[in-house]
Structures are given as structure tokens and as C-alpha cells.
Amino acid sequence: LAALDAAADLGALREAVATARHAYDETAREVSRRRREAAPRLARAVTEAMQPLGLQGGRLEIALEPLDEPQAFGLEGVEFRVAGHVGGAAPPTVVFDEIDAGIGGTVAHTVGQLMRRLGHDRQVLAVTHLAQVASQAVHHHVVSKHSTPTGTVSRLHPVHGDDRVAEIARMLGSAGTGTGLAHAREMLDAASRAPEPIAAGAVDSPLANGPARGRRRGG
């Protein structure tokens, strides 16, 4: 009854909203201030670290984009833009961590196509367990975990050619079968016929070459 009475007290509700918004604004402005301080330091540090890694002239840019409406993460979106060589553009990087959870079949295939199209003018990284999505990747990496006497080690390695066909077949649940391998090759062949990009004006950058996807083992 007390909760029902409180829900009907518009004056008290407005006051509670105003108090919450004031607290949010103070915290969000502090987060924004710290982001503005940290962004250039992080960008410089990563840019310096890139130089001895065969990425001479490459750089990281961190863009803080103001939002129209306040969000749970603050007053701005954060974009990490990476250029791998001198004069290269720094396209936004989009990361999808199992965005395809709970879907399958035709819907999964459509999601994979959409992410591939997004990759025409930005770097798209996706973690997936679905062959329909993984087959759309321009680059396919397998992430695995192994137990050692000192702990658990994660490994990342790219797959190409027949190895990739075998991995797609494994993801289909048909590892080692002729039918599974044929289906995997068919999916990869279809994906190679790239659809039109979602956004016009695709940039000419080695990082804007489509999604790189991997799978995870062991949770």
C-alpha cells in the first residue's frame, strides 16, 4: 500500500527524478573529464607501442563523440580508430561479442552478411560460434584455451584454405564428413561474393577489409 501511495505522489516522483538526474550529471561530467585526460595519453602510448611491431607510421586515435541523450555509460561514445600505416585512414572499430547468441538459420546468415557489409568502411571484430556468421568473415581466427601446469593459456591463430573449410564444417557439427566439407565450401564461396556496403564512401584502408571472427572454447 505504501508503494502504491508513493507511485501516485507525482510531486515526490518529480523530486526523486530531479535528484537522480543531478547525481547522474555530476558523475557523468566527472567521467567525461577523466576520459578527456586519459584519451590522448592512451592514444600516444599505443601509437608508440605500434612502431616496433612492423606498423611504422601507424597510430591510434580515440574519439569522444557527444550523445544526444544521456546513457548508462555517460555523455559520450568512445571510438577507437586505428591506422596501420602512414597516411592510412583511422576507421572506427566495432566489436561484437557473440551478438548472434540465440539465433540461427537464415537469421544468422543475414546477421553475418550485415556485419560483412559493415566491414567495408570500418574494422569489425566479432566473436561467434555460428558457421553462418564465421563464413562471412574476410579473416577467420580460432581462439582456444589450453590448461598447463601453471594455469590456462589462450591461443589465437588464423585459418586459411582447407583448414578454414574444416573449421566451418566443425562449427556446422559435420567435422570430417564429405557432406559437411562440401557445405562449408559452398558457404565460403557464397560469402566471397561480397554484397554492397551498408555505408557509402568506403575508405581504402587495410583495416577496412571486413570482419575478423574467432570462436572461444571453455567459456
# chains A, B, ... in the order shown; residues from 1 in each chain; ligands from 1
>>> residues_around(residues="Ile168 (chain A)", least_positions_apart="3", cutoff="10 Å", atoms="only C-alpha atoms", output="count of residues only")
24
>>> closest_residue(among="A:Leu10, A:Glu37, A:Ser144, A:Thr93", to="Gly119 (chain A)", atoms="only C-alpha atoms")
A:Thr93
>>> select_by_dssp(residues="region 16-204 of chain A", states="helix (DSSP H, G or I)", output="ChimeraX atom specification")
/A:16-53,105-118,131-134,161-171,178-192
>>> write_last_selection(atoms="C-alpha atoms", output="PDB file, in the first residue's frame")
ATOM      1  CA  ALA A  16      13.188  11.910  -6.961  1.00  0.00           C
ATOM      2  CA  VAL A  17      13.801  12.176 -10.719  1.00  0.00           C
ATOM      3  CA  ALA A  18      15.426  15.599 -10.317  1.00  0.00           C
ATOM      4  CA  THR A  19      17.663  14.303  -7.529  1.00  0.00           C
ATOM      5  CA  ALA A  20      18.704  11.272  -9.556  1.00  0.00           C
ATOM      6  CA  ARG A  21      19.401  13.383 -12.657  1.00  0.00           C
ATOM      7  CA  HIS A  22      21.523  15.815 -10.649  1.00  0.00           C
ATOM      8  CA  ALA A  23      23.587  12.934  -9.254  1.00  0.00           C
ATOM      9  CA  TYR A  24      23.913  11.425 -12.742  1.00  0.00           C
ATOM     10  CA  ASP A  25      25.028  14.718 -14.288  1.00  0.00           C
ATOM     11  CA  GLU A  26      27.731  15.234 -11.672  1.00  0.00           C
ATOM     12  CA  THR A  27      29.097  11.720 -12.083  1.00  0.00           C
ATOM     13  CA  ALA A  28      28.867  11.777 -15.888  1.00  0.00           C
ATOM     14  CA  ARG A  29      30.701  15.107 -16.136  1.00  0.00           C
ATOM     15  CA  GLU A  30      33.493  13.709 -13.977  1.00  0.00           C
ATOM     16  CA  VAL A  31      33.704  10.624 -16.192  1.00  0.00           C
ATOM     17  CA  SER A  32      33.870  12.882 -19.267  1.00  0.00           C
ATOM     18  CA  ARG A  33      36.659  14.950 -17.705  1.00  0.00           C
ATOM     19  CA  ARG A  34      38.695  11.844 -16.962  1.00  0.00           C
ATOM     20  CA  ARG A  35      38.110  10.489 -20.447  1.00  0.00           C
ATOM     21  CA  ARG A  36      39.375  13.731 -21.984  1.00  0.00           C
ATOM     22  CA  GLU A  37      42.519  13.456 -19.886  1.00  0.00           C
ATOM     23  CA  ALA A  38      43.096   9.746 -20.470  1.00  0.00           C
ATOM     24  CA  ALA A  39      42.275   9.520 -24.195  1.00  0.00           C
ATOM     25  CA  PRO A  40      45.338  11.371 -25.550  1.00  0.00           C
ATOM     26  CA  ARG A  41      47.682   9.593 -23.112  1.00  0.00           C
ATOM     27  CA  LEU A  42      46.380   6.174 -24.141  1.00  0.00           C
ATOM     28  CA  ALA A  43      46.487   7.088 -27.844  1.00  0.00           C
ATOM     29  CA  ARG A  44      50.123   8.220 -27.562  1.00  0.00           C
ATOM     30  CA  ALA A  45      51.157   5.117 -25.616  1.00  0.00           C
ATOM     31  CA  VAL A  46      49.528   2.708 -28.079  1.00  0.00           C
ATOM     32  CA  THR A  47      50.889   4.637 -31.073  1.00  0.00           C
ATOM     33  CA  GLU A  48      54.407   4.394 -29.652  1.00  0.00           C
ATOM     34  CA  ALA A  49      53.973   0.685 -28.996  1.00  0.00           C
ATOM     35  CA  MET A  50      52.860   0.110 -32.606  1.00  0.00           C
ATOM     36  CA  GLN A  51      56.068   1.419 -34.168  1.00  0.00           C
ATOM     37  CA  PRO A  52      58.411  -1.507 -33.360  1.00  0.00           C
ATOM     38  CA  LEU A  53      55.706  -4.024 -34.293  1.00  0.00           C
ATOM     39  CA  GLY A 105      19.452 -20.472 -39.629  1.00  0.00           C
ATOM     40  CA  THR A 106      18.505 -17.750 -42.077  1.00  0.00           C
ATOM     41  CA  VAL A 107      18.626 -15.026 -39.410  1.00  0.00           C
ATOM     42  CA  ALA A 108      22.218 -15.953 -38.519  1.00  0.00           C
ATOM     43  CA  HIS A 109      23.169 -15.854 -42.194  1.00  0.00           C
ATOM     44  CA  THR A 110      21.622 -12.393 -42.527  1.00  0.00           C
ATOM     45  CA  VAL A 111      23.466 -11.134 -39.433  1.00  0.00           C
ATOM     46  CA  GLY A 112      26.741 -12.403 -40.889  1.00  0.00           C
ATOM     47  CA  GLN A 113      26.080 -10.615 -44.184  1.00  0.00           C
ATOM     48  CA  LEU A 114      25.259  -7.377 -42.388  1.00  0.00           C
ATOM     49  CA  MET A 115      28.487  -7.490 -40.383  1.00  0.00           C
ATOM     50  CA  ARG A 116      30.467  -8.169 -43.549  1.00  0.00           C
ATOM     51  CA  ARG A 117      28.826  -5.149 -45.179  1.00  0.00           C
ATOM     52  CA  LEU A 118      29.681  -3.037 -42.138  1.00  0.00           C
ATOM     53  CA  ALA A 131      29.219 -21.107 -39.020  1.00  0.00           C
ATOM     54  CA  GLN A 132      26.719 -18.865 -40.831  1.00  0.00           C
ATOM     55  CA  VAL A 133      28.408 -15.818 -39.312  1.00  0.00           C
ATOM     56  CA  ALA A 134      32.017 -17.042 -39.348  1.00  0.00           C
ATOM     57  CA  GLY A 161      42.167 -22.664 -47.188  1.00  0.00           C
ATOM     58  CA  ASP A 162      41.379 -26.258 -46.264  1.00  0.00           C
ATOM     59  CA  ASP A 163      41.906 -25.539 -42.570  1.00  0.00           C
ATOM     60  CA  ARG A 164      39.183 -22.927 -42.670  1.00  0.00           C
ATOM     61  CA  VAL A 165      36.859 -25.245 -44.568  1.00  0.00           C
ATOM     62  CA  ALA A 166      37.417 -27.881 -41.882  1.00  0.00           C
ATOM     63  CA  GLU A 167      36.749 -25.340 -39.112  1.00  0.00           C
ATOM     64  CA  ILE A 168      33.492 -24.175 -40.713  1.00  0.00           C
ATOM     65  CA  ALA A 169      32.456 -27.830 -41.094  1.00  0.00           C
ATOM     66  CA  ARG A 170      33.264 -28.414 -37.409  1.00  0.00           C
ATOM     67  CA  MET A 171      31.100 -25.413 -36.462  1.00  0.00           C
ATOM     68  CA  GLY A 178      32.249 -35.142 -47.073  1.00  0.00           C
ATOM     69  CA  THR A 179      28.836 -33.532 -46.865  1.00  0.00           C
ATOM     70  CA  GLY A 180      29.970 -31.154 -44.116  1.00  0.00           C
ATOM     71  CA  LEU A 181      33.091 -30.112 -46.006  1.00  0.00           C
ATOM     72  CA  ALA A 182      31.091 -29.546 -49.182  1.00  0.00           C
ATOM     73  CA  HIS A 183      28.563 -27.422 -47.295  1.00  0.00           C
ATOM     74  CA  ALA A 184      31.378 -25.407 -45.711  1.00  0.00           C
ATOM     75  CA  ARG A 185      32.994 -24.734 -49.095  1.00  0.00           C
ATOM     76  CA  GLU A 186      29.627 -23.681 -50.506  1.00  0.00           C
ATOM     77  CA  MET A 187      29.123 -21.213 -47.642  1.00  0.00           C
ATOM     78  CA  LEU A 188      32.605 -19.720 -48.067  1.00  0.00           C
ATOM     79  CA  ASP A 189      32.206 -19.444 -51.827  1.00  0.00           C
ATOM     80  CA  ALA A 190      28.894 -17.648 -51.404  1.00  0.00           C
ATOM     81  CA  ALA A 191      30.405 -15.267 -48.845  1.00  0.00           C
ATOM     82  CA  SER A 192      33.252 -14.369 -51.209  1.00  0.00           C
TER      83      SER A 192
END
